[in-house]
Every structure is written in structure tokens, then in C-alpha cells.
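Enquirer: Structure file entry-v4.pdb (PDB, C-alpha atoms) is given on the next line.
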ATOM      1  CA  MET A 241       0.000   0.000   0.000
ATOM      2  CA  ILE A 242       1.374   3.377  -1.054
ATOM      3  CA  ASP A 243       1.024   6.468   1.083
ATOM      4  CA  ARG A 244       0.820  10.049  -0.123
ATOM      5  CA  GLU A 245       4.523  10.831   0.346
ATOM      6  CA  GLN A 246       5.529   7.855  -1.827
ATOM      7  CA  TYR A 247       3.222   8.775  -4.729
ATOM      8  CA  THR A 248       4.945   9.670  -8.008
ATOM      9  CA  PRO A 249       2.989   9.917 -11.258
ATOM     10  CA  GLY A 250       4.020   7.683 -14.115
ATOM     11  CA  PRO A 251       5.101   9.035 -17.510
ATOM     12  CA  ALA A 252       2.777  11.170 -19.619
ATOM     13  CA  SER A 253       0.441   8.893 -21.560
ATOM     14  CA  GLY A 254      -3.123   8.412 -22.739
ATOM     15  CA  ALA A 255      -3.634  11.970 -23.978
ATOM     16  CA  GLN A 256      -4.196  13.595 -27.336
ATOM     17  CA  VAL A 257      -5.151  16.992 -28.663
ATOM     18  CA  ARG A 258      -7.629  17.857 -31.373
ATOM     19  CA  LYS A 259      -7.837  21.241 -33.091
ATOM     20  CA  ASP A 260     -11.085  22.242 -34.796
ATOM     21  CA  ARG A 261     -12.691  25.425 -36.011
ATOM     22  CA  GLY A 262     -15.529  26.863 -33.942
ATOM     23  CA  GLN A 263     -18.742  28.323 -35.382
ATOM     24  CA  ASN A 264     -17.097  31.740 -35.723
ATOM     25  CA  GLY A 265     -13.963  30.342 -37.358
ATOM     26  CA  GLU A 266     -11.907  30.547 -34.150
ATOM     27  CA  GLU A 267      -9.565  27.728 -33.147
ATOM     28  CA  LYS A 268     -11.121  25.278 -30.710
ATOM     29  CA  TRP A 269      -8.727  22.956 -28.878
ATOM     30  CA  THR A 270      -9.895  19.739 -27.220
ATOM     31  CA  LEU A 271      -7.860  17.725 -24.754
ATOM     32  CA  ILE A 272      -8.753  14.027 -24.771
ATOM     33  CA  LEU A 273      -7.529  11.917 -21.865
ATOM     34  CA  VAL A 274      -8.029   8.167 -21.606
ATOM     35  CA  ARG A 275      -7.397   6.126 -18.481
ATOM     36  CA  GLU A 276      -8.105   2.452 -17.926
ATOM     37  CA  LEU A 277      -9.320   1.877 -14.385
ATOM     38  CA  ARG A 278      -9.682  -1.456 -12.596
ATOM     39  CA  HIS A 279     -13.147  -0.565 -11.342
ATOM     40  CA  SER A 280     -16.675  -1.043 -12.700
ATOM     41  CA  PRO A 281     -18.372   1.722 -14.721
ATOM     42  CA  GLU A 282     -20.958   2.057 -11.925
ATOM     43  CA  LYS A 283     -18.244   2.685  -9.327
ATOM     44  CA  VAL A 284     -16.445   5.185 -11.597
ATOM     45  CA  TRP A 285     -19.769   6.930 -12.378
ATOM     46  CA  GLN A 286     -20.380   7.474  -8.671
ATOM     47  CA  ALA A 287     -16.905   9.011  -8.299
ATOM     48  CA  LEU A 288     -17.648  11.403 -11.212
ATOM     49  CA  THR A 289     -21.055  12.513  -9.940
ATOM     50  CA  ASP A 290     -21.237  12.280  -6.132
ATOM     51  CA  PRO A 291     -20.015  15.429  -4.329
ATOM     52  CA  ALA A 292     -18.437  13.397  -1.493
ATOM     53  CA  HIS A 293     -16.379  11.397  -4.007
ATOM     54  CA  LEU A 294     -15.424  14.464  -6.068
ATOM     55  CA  ARG A 295     -13.993  16.100  -2.909
ATOM     56  CA  GLU A 296     -11.501  13.234  -2.699
ATOM     57  CA  TRP A 297      -9.936  13.525  -6.171
ATOM     58  CA  ALA A 298     -11.320  16.217  -8.531
ATOM     59  CA  PRO A 299      -9.922  19.737  -9.046
ATOM     60  CA  PHE A 300     -13.299  21.161  -8.000
ATOM     61  CA  ASP A 301     -15.982  20.685  -5.366
ATOM     62  CA  SER A 302     -19.639  20.357  -6.325
ATOM     63  CA  ASP A 303     -22.533  21.470  -4.152
ATOM     64  CA  GLY A 304     -24.834  18.888  -5.746
ATOM     65  CA  ASN A 305     -24.940  15.596  -7.624
ATOM     66  CA  LEU A 306     -23.861  15.687 -11.274
ATOM     67  CA  GLY A 307     -25.680  12.456 -12.150
ATOM     68  CA  THR A 308     -29.041  13.905 -13.253
ATOM     69  CA  VAL A 309     -29.814  15.879 -16.410
ATOM     70  CA  GLY A 310     -31.042  19.358 -15.541
ATOM     71  CA  ASN A 311     -29.376  19.495 -12.115
ATOM     72  CA  THR A 312     -27.816  22.918 -11.605
ATOM     73  CA  VAL A 313     -24.804  22.870  -9.328
ATOM     74  CA  LYS A 314     -21.978  25.160  -8.300
ATOM     75  CA  LEU A 315     -18.467  23.930  -9.027
ATOM     76  CA  THR A 316     -15.772  25.546  -6.900
ATOM     77  CA  THR A 317     -12.202  25.259  -8.160
ATOM     78  CA  VAL A 318      -9.826  23.931  -5.500
ATOM     79  CA  GLY A 319      -6.233  25.142  -5.210
ATOM     80  CA  ALA A 320      -6.625  28.010  -7.683
ATOM     81  CA  PRO A 321      -4.928  31.342  -6.909
ATOM     82  CA  ALA A 322      -8.359  33.005  -6.709
ATOM     83  CA  LEU A 323     -11.640  31.430  -5.644
ATOM     84  CA  ARG A 324     -13.585  30.524  -8.772
ATOM     85  CA  ILE A 325     -17.183  29.363  -8.568
ATOM     86  CA  THR A 326     -19.022  28.329 -11.714
ATOM     87  CA  GLU A 327     -22.697  27.487 -11.927
ATOM     88  CA  THR A 328     -23.399  24.686 -14.384
ATOM     89  CA  THR A 329     -26.288  22.522 -15.511
ATOM     90  CA  VAL A 330     -25.830  18.863 -16.322
ATOM     91  CA  THR A 331     -26.746  18.502 -20.007
ATOM     92  CA  ARG A 332     -26.329  14.735 -20.334
ATOM     93  CA  ALA A 333     -26.247  11.966 -17.740
ATOM     94  CA  ASP A 334     -26.612   8.495 -19.235
ATOM     95  CA  ALA A 335     -25.474   6.417 -16.261
ATOM     96  CA  PRO A 336     -22.981   4.824 -16.308
ATOM     97  CA  GLU A 337     -21.850   5.720 -19.831
ATOM     98  CA  VAL A 338     -21.828   9.466 -20.650
ATOM     99  CA  LEU A 339     -21.794  12.616 -18.504
ATOM    100  CA  GLU A 340     -21.719  16.177 -19.896
ATOM    101  CA  TYR A 341     -21.647  19.635 -18.317
ATOM    102  CA  LYS A 342     -19.574  22.812 -18.502
ATOM    103  CA  TRP A 343     -16.896  23.802 -16.022
ATOM    104  CA  GLY A 344     -15.809  27.434 -16.165
ATOM    105  CA  GLY A 345     -17.156  27.771 -19.696
ATOM    106  CA  PHE A 346     -15.350  24.644 -20.934
ATOM    107  CA  ASP A 347     -17.228  21.583 -22.158
ATOM    108  CA  MET A 348     -16.660  18.454 -20.086
ATOM    109  CA  ARG A 349     -17.640  15.112 -21.605
ATOM    110  CA  TRP A 350     -16.926  11.918 -19.689
ATOM    111  CA  GLU A 351     -17.323   8.569 -21.442
ATOM    112  CA  LEU A 352     -17.226   5.309 -19.498
ATOM    113  CA  GLU A 353     -16.822   2.019 -21.358
ATOM    114  CA  ALA A 354     -16.729  -1.412 -19.741
ATOM    115  CA  TRP A 355     -13.270  -2.780 -20.469
ATOM    116  CA  GLY A 356     -11.528  -5.960 -19.286
ATOM    117  CA  GLY A 357     -13.322  -6.133 -15.937
ATOM    118  CA  GLY A 358     -12.860  -2.397 -15.396
ATOM    119  CA  THR A 359     -13.611   0.886 -17.133
ATOM    120  CA  ARG A 360     -12.003   2.821 -19.935
ATOM    121  CA  LEU A 361     -12.619   6.431 -18.859
ATOM    122  CA  THR A 362     -12.305   9.158 -21.496
ATOM    123  CA  LEU A 363     -12.467  12.872 -20.723
ATOM    124  CA  TRP A 364     -13.042  15.306 -23.601
ATOM    125  CA  THR A 365     -12.610  18.942 -22.600
ATOM    126  CA  ASN A 366     -12.079  22.059 -24.652
ATOM    127  CA  ILE A 367      -9.274  24.138 -23.214
ATOM    128  CA  GLY A 368      -7.179  27.132 -24.168
ATOM    129  CA  HIS A 369      -4.194  26.222 -26.357
ATOM    130  CA  ARG A 370      -1.698  27.609 -23.832
ATOM    131  CA  PHE A 371      -3.102  25.421 -21.055
ATOM    132  CA  ILE A 372      -3.402  22.026 -22.762
ATOM    133  CA  ALA A 373      -0.197  20.468 -21.389
ATOM    134  CA  MET A 374      -0.899  21.935 -17.947
ATOM    135  CA  GLY A 375      -4.424  20.525 -18.014
ATOM    136  CA  ALA A 376      -3.177  17.107 -19.131
ATOM    137  CA  ALA A 377      -0.639  17.053 -16.283
ATOM    138  CA  GLY A 378      -3.241  18.080 -13.704
ATOM    139  CA  TRP A 379      -5.847  15.575 -14.868
ATOM    140  CA  HIS A 380      -3.166  12.837 -15.005
ATOM    141  CA  ILE A 381      -2.524  13.308 -11.277
ATOM    142  CA  CYS A 382      -6.272  13.557 -10.523
ATOM    143  CA  PHE A 383      -6.872  10.263 -12.353
ATOM    144  CA  ASP A 384      -4.083   8.588 -10.337
ATOM    145  CA  VAL A 385      -5.719   9.812  -7.121
ATOM    146  CA  LEU A 386      -9.130   8.629  -8.393
ATOM    147  CA  ASP A 387      -7.776   5.152  -9.183
ATOM    148  CA  ARG A 388      -6.313   4.794  -5.683
ATOM    149  CA  LEU A 389      -9.511   6.133  -4.075
ATOM    150  CA  LEU A 390     -11.624   3.553  -5.912
ATOM    151  CA  ALA A 391      -9.173   0.805  -4.910
ATOM    152  CA  GLY A 392      -9.736   1.696  -1.243
ATOM    153  CA  GLN A 393      -6.238   3.191  -0.912
ATOM    154  CA  PRO A 394      -6.942   6.944  -0.828
ATOM    155  CA  ILE A 395      -3.958   9.282  -0.841
ATOM    156  CA  GLY A 396      -5.994  12.524  -0.761
ATOM    157  CA  ARG A 397      -6.706  15.092  -3.438
ATOM    158  CA  ILE A 398      -3.610  16.568  -5.141
ATOM    159  CA  VAL A 399      -4.464  19.754  -7.053
ATOM    160  CA  GLY A 400      -3.242  23.325  -7.552
ATOM    161  CA  PRO A 401       0.102  24.271  -5.986
ATOM    162  CA  GLU A 402       0.098  20.970  -4.056
ATOM    163  CA  ALA A 403       0.596  19.113  -7.370
ATOM    164  CA  MET A 404       3.996  20.821  -7.739
ATOM    165  CA  LYS A 405       5.287  18.576  -4.944
ATOM    166  CA  PHE A 406       4.266  15.462  -6.887
ATOM    167  CA  GLY A 407       5.866  15.771 -10.320
ATOM    168  CA  TRP A 408       3.435  18.109 -12.066
ATOM    169  CA  GLN A 409       6.252  20.120 -13.713
ATOM    170  CA  ARG A 410       7.757  16.963 -15.243
ATOM    171  CA  LEU A 411       4.360  15.833 -16.546
ATOM    172  CA  ASN A 412       3.643  19.304 -17.948
ATOM    173  CA  ALA A 413       6.930  19.229 -19.894
ATOM    174  CA  GLU A 414       6.345  15.632 -21.087
ATOM    175  CA  TYR A 415       2.847  16.398 -22.352
ATOM    176  CA  ALA A 416       4.051  19.601 -24.029
ATOM    177  CA  ARG A 417       6.693  17.580 -25.893
ATOM    178  CA  GLN A 418       4.152  14.926 -26.879
ATOM    179  CA  PHE A 419       1.769  17.570 -28.206
ATOM    180  CA  GLY A 420       4.554  19.535 -29.929
ATOM    181  CA  PHE A 421       3.994  22.619 -27.750
ATOM    182  CA  GLU A 422       6.444  24.823 -25.929
ATOM    183  CA  THR A 423       5.876  25.150 -22.213
ATOM    184  CA  PRO A 424       6.177  28.576 -20.590
ATOM    185  CA  ASP A 425       8.080  26.989 -17.685
ATOM    186  CA  HIS A 426      10.497  25.136 -19.952
ATOM    187  CA  PRO A 427      11.394  27.310 -22.980
ATOM    188  CA  PRO A 428      13.196  25.501 -25.786
ATOM    189  CA  HIS A 429      16.956  25.839 -25.664
ATOM    190  CA  ALA A 430      18.794  27.448 -28.518
ATOM    191  CA  ALA A 431      20.263  24.961 -30.951
ATOM    192  CA  GLN A 432      23.284  23.451 -29.310
ATOM    193  CA  LYS A 433      26.569  23.046 -31.162
ATOM    194  CA  SER A 434      27.938  19.548 -31.083
TER     195      SER A 434
END
Represent the structure from my file as C-alpha cells, please.

Expert:
Amino acid sequence: MIDREQYTPGPASGAQVRKDRGQNGEEKWTLILVRELRHSPEKVWQALTDPAHLREWAPFDSDGNLGTVGNTVKLTTVGAPALRITETTVTRADAPEVLEYKWGGFDMRWELEAWGGGTRLTLWTNIGHRFIAMGAAGWHICFDVLDRLLAGQPIGRIVGPEAMKFGWQRLNAEYARQFGFETPDHPPHAAQKS
């Protein structure tokens, strides 16, 4: 059993980026993260929708259940420099397969697929181009925490500045390289002479 101090995220994986054009011709970036969890879709669904479960792993708190279409809830970002509260309405909740809502103006689509005795969880979220690698790194750590929570080995939520203590910078740089982006924290070095 691993405790919080021993946790280190694995290498960047399971993420891709899609660039589309919005209705007004603007660039629309979507981060797609896939994680295979050893837990049933029903168990994962509860962790995605129940406020008590969300408080254990997600980068936001919810003041209500996200599992019912039409539910309006407030999502409060945790660990952000400034308190950010967003009101959202659940637009799709097909338990335990698809969940959709907005968080801070960004679309969130969760897909759960039964897979090998567990669940293949896919998150689709539109995100600003500059923040894609950062978002991938943050969600990577959240998914690790979620997996341990569902396994009955909780290590506690790791978000915001706290994530810096657990390898977030490395993940951010790895995802940026995978996506072909520069990271503000790790500018490319000038061509080196050999």
C-alpha cells in the first residue's frame, strides 16, 4: 500500500489533442484523456457525480450531484490562486456511460466504457491552447488519485500548488513535448553546437 509521500505519477500517456474550427472560425482545442481503471463503470460513475467522491480527487468541489440531467450545481475550483465558482447545468447523464456539463465555460464530456473487468474512462474537454499540457498534467494526477480512491487506498486530493510537490512540472513538460507545444516553464533551448 502506497502512502501520499511515496506517490509519483508515471510518464505522460493516454492523452491527445484535437484542433477544430468553432462556429465563428476561431480555433477550438480539445484535450482528450483516456485512463483504464480497474473498477466497474458504476463505481467510476459514482466518483464522477457524487459530491463526497469528487472532494476526494477532482480539481473542483460540487454542491450537488452531477448524475441527473437538468441538475444545476456550483463547481468551486480547489487550489486556484483566486476562488472561482461556476454554476453549471448537467446537459447529459446516461449512467454509467456518458456525462456532460460545462466547467468554467469549458465543455466536459466523460465517457465510461466497460473494459476488461474495469472501465475505460475518457475525458473530452475544450481548453485554451496555452493550457493544454498543464491541463493534461493536472488531470493525469487527478486520475491517479481517483484510481487509488476507488481501490480503497486513498492518498488525498492533489491539485493546484500541491501538485507541484508530486511531479506536475515533469508531466507538464512531457505532455508539451508529446503535443509539440512549448511550455512557458520550460522554454526551448537554442540549438546546441555539437

Enquirer: Do a neighbour search on range 293-296 of chain A at 9 Å with only C-alpha atoms, toss out local chain neighbours closer than 4 positions, and write the hits as a list in words.

Expert: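 Using only C-alpha atoms, the neighbours found are Gln286, Ala287, Leu288, Thr289, Phe300, Asp301, Ser302, Val385, Leu386, Leu389, Pro394, Ile395, Gly396, Arg397 and Ile398 of chain A.
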
Enquirer: Given only C-alpha atoms as the basis, pick out the residue of A:Ala416, A:Val274, A:Leu339, A:Met404 nearest to His369 in chain A.

Expert: A:Ala416

Enquirer: Neighbours of Glu351 in chain A within 8 Å (all atoms listed in the file; same-chain residues fewer than 5 positions away dropped), as a PyMOL selection string?

Expert: chain A and resi 337-339+360-363

Enquirer: Rounded to one decimal in Å, what is the spacing between CA of Trp297 in chain A and CA of Gly375 in chain A?

Expert: 14.8 Å

Enquirer: So that all listed atoms of range 344-353 of chain A fit with 5 Å spare on each side, what axis-aligned box centre and edge lengths in Å, to one decimal, would you give as AutoDock Vina command-line options?

Expert:
--center_x -16.5 --center_y 14.9 --center_z -19.2 --size_x 12.3 --size_y 35.8 --size_z 16.0

Enquirer: What is the distance between CA of Thr270 in chain A and CA of Ile372 in chain A, in Å to one decimal?

Expert: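 Spanning CA of Thr270 in chain A to CA of Ile372 in chain A is a straight-line distance of 8.2 Å.
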
Enquirer: Apply the PyMOL selection byres ((chain A and resi 245) around 10) to the displayed file and report the matching residues as a list in words.

Expert: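 Selection result, ordered by chain and number: Ile242, Asp243, Arg244, Gln246, Tyr247, Thr248, Ile395, Lys405 and Phe406 of chain A.
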
Enquirer: Keeping C-alpha atoms for every residue in the selection just given, could you write it to a file as a short mmCIF file (atom, residue, chain, number, x, y, z; two decimals), in the coordinates of the input?

Expert:
data_model
loop_
_atom_site.label_atom_id
_atom_site.label_comp_id
_atom_site.auth_asym_id
_atom_site.auth_seq_id
_atom_site.Cartn_x
_atom_site.Cartn_y
_atom_site.Cartn_z
CA ILE A 242 1.37 3.38 -1.05
CA ASP A 243 1.02 6.47 1.08
CA ARG A 244 0.82 10.05 -0.12
CA GLN A 246 5.53 7.86 -1.83
CA TYR A 247 3.22 8.78 -4.73
CA THR A 248 4.94 9.67 -8.01
CA ILE A 395 -3.96 9.28 -0.84
CA LYS A 405 5.29 18.58 -4.94
CA PHE A 406 4.27 15.46 -6.89
#

Enquirer: Have a look at A:Asp384, A:Phe421, A:Gly344, A:Gly307 and name the one nearest to Asp290 in chain A; count only C-alpha atoms.

Expert: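 Once distances to Asp290 in chain A are computed over only C-alpha atoms, the minimum belongs to A:Gly307.
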
Enquirer: From the list A:Ala376, A:Ala391, A:Val399, A:Ile381, which residue is nearest Gly250 in chain A when using all atoms listed in the file?

Expert: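 Among the listed residues, the smallest separation from Gly250 in chain A belongs to A:Ile381.
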
Enquirer: Skip Glu267 in chain A itself and residues of its chain fewer than 2 positions away, then list as a list in words all residues within 12 Å of it, counting only C-alpha atoms.

Expert: Arg258, Lys259, Asp260, Arg261, Gly262, Gln263, Asn264, Gly265, Trp269, Thr270, Asn366, Ile367, Gly368 and His369 of chain A

Enquirer: Tell me which protein, DNA and RNA residues are within 12 Å of Gly357 in chain A, counting only C-alpha atoms, leaving out same-chain ones fewer than 5 positions away, and put them as a ChimeraX atom specification.

Expert: /A:276-282

Enquirer: Can you pull out every residue within 10 Å of Arg410 in chain A, counting all atoms listed in the file, but drop anything in the same chain fewer than 5 positions away, and send it as an mmCIF file with C-alpha atoms, in the frame of the given file?

Expert:
data_model
loop_
_atom_site.group_PDB
_atom_site.id
_atom_site.type_symbol
_atom_site.label_atom_id
_atom_site.label_comp_id
_atom_site.auth_asym_id
_atom_site.auth_seq_id
_atom_site.Cartn_x
_atom_site.Cartn_y
_atom_site.Cartn_z
ATOM 1 C CA PRO A 249 2.989 9.917 -11.258
ATOM 2 C CA PRO A 251 5.101 9.035 -17.510
ATOM 3 C CA ALA A 252 2.777 11.170 -19.619
ATOM 4 C CA ALA A 377 -0.639 17.053 -16.283
ATOM 5 C CA MET A 404 3.996 20.821 -7.739
ATOM 6 C CA TYR A 415 2.847 16.398 -22.352
ATOM 7 C CA ALA A 416 4.051 19.601 -24.029
ATOM 8 C CA HIS A 426 10.497 25.136 -19.952
#
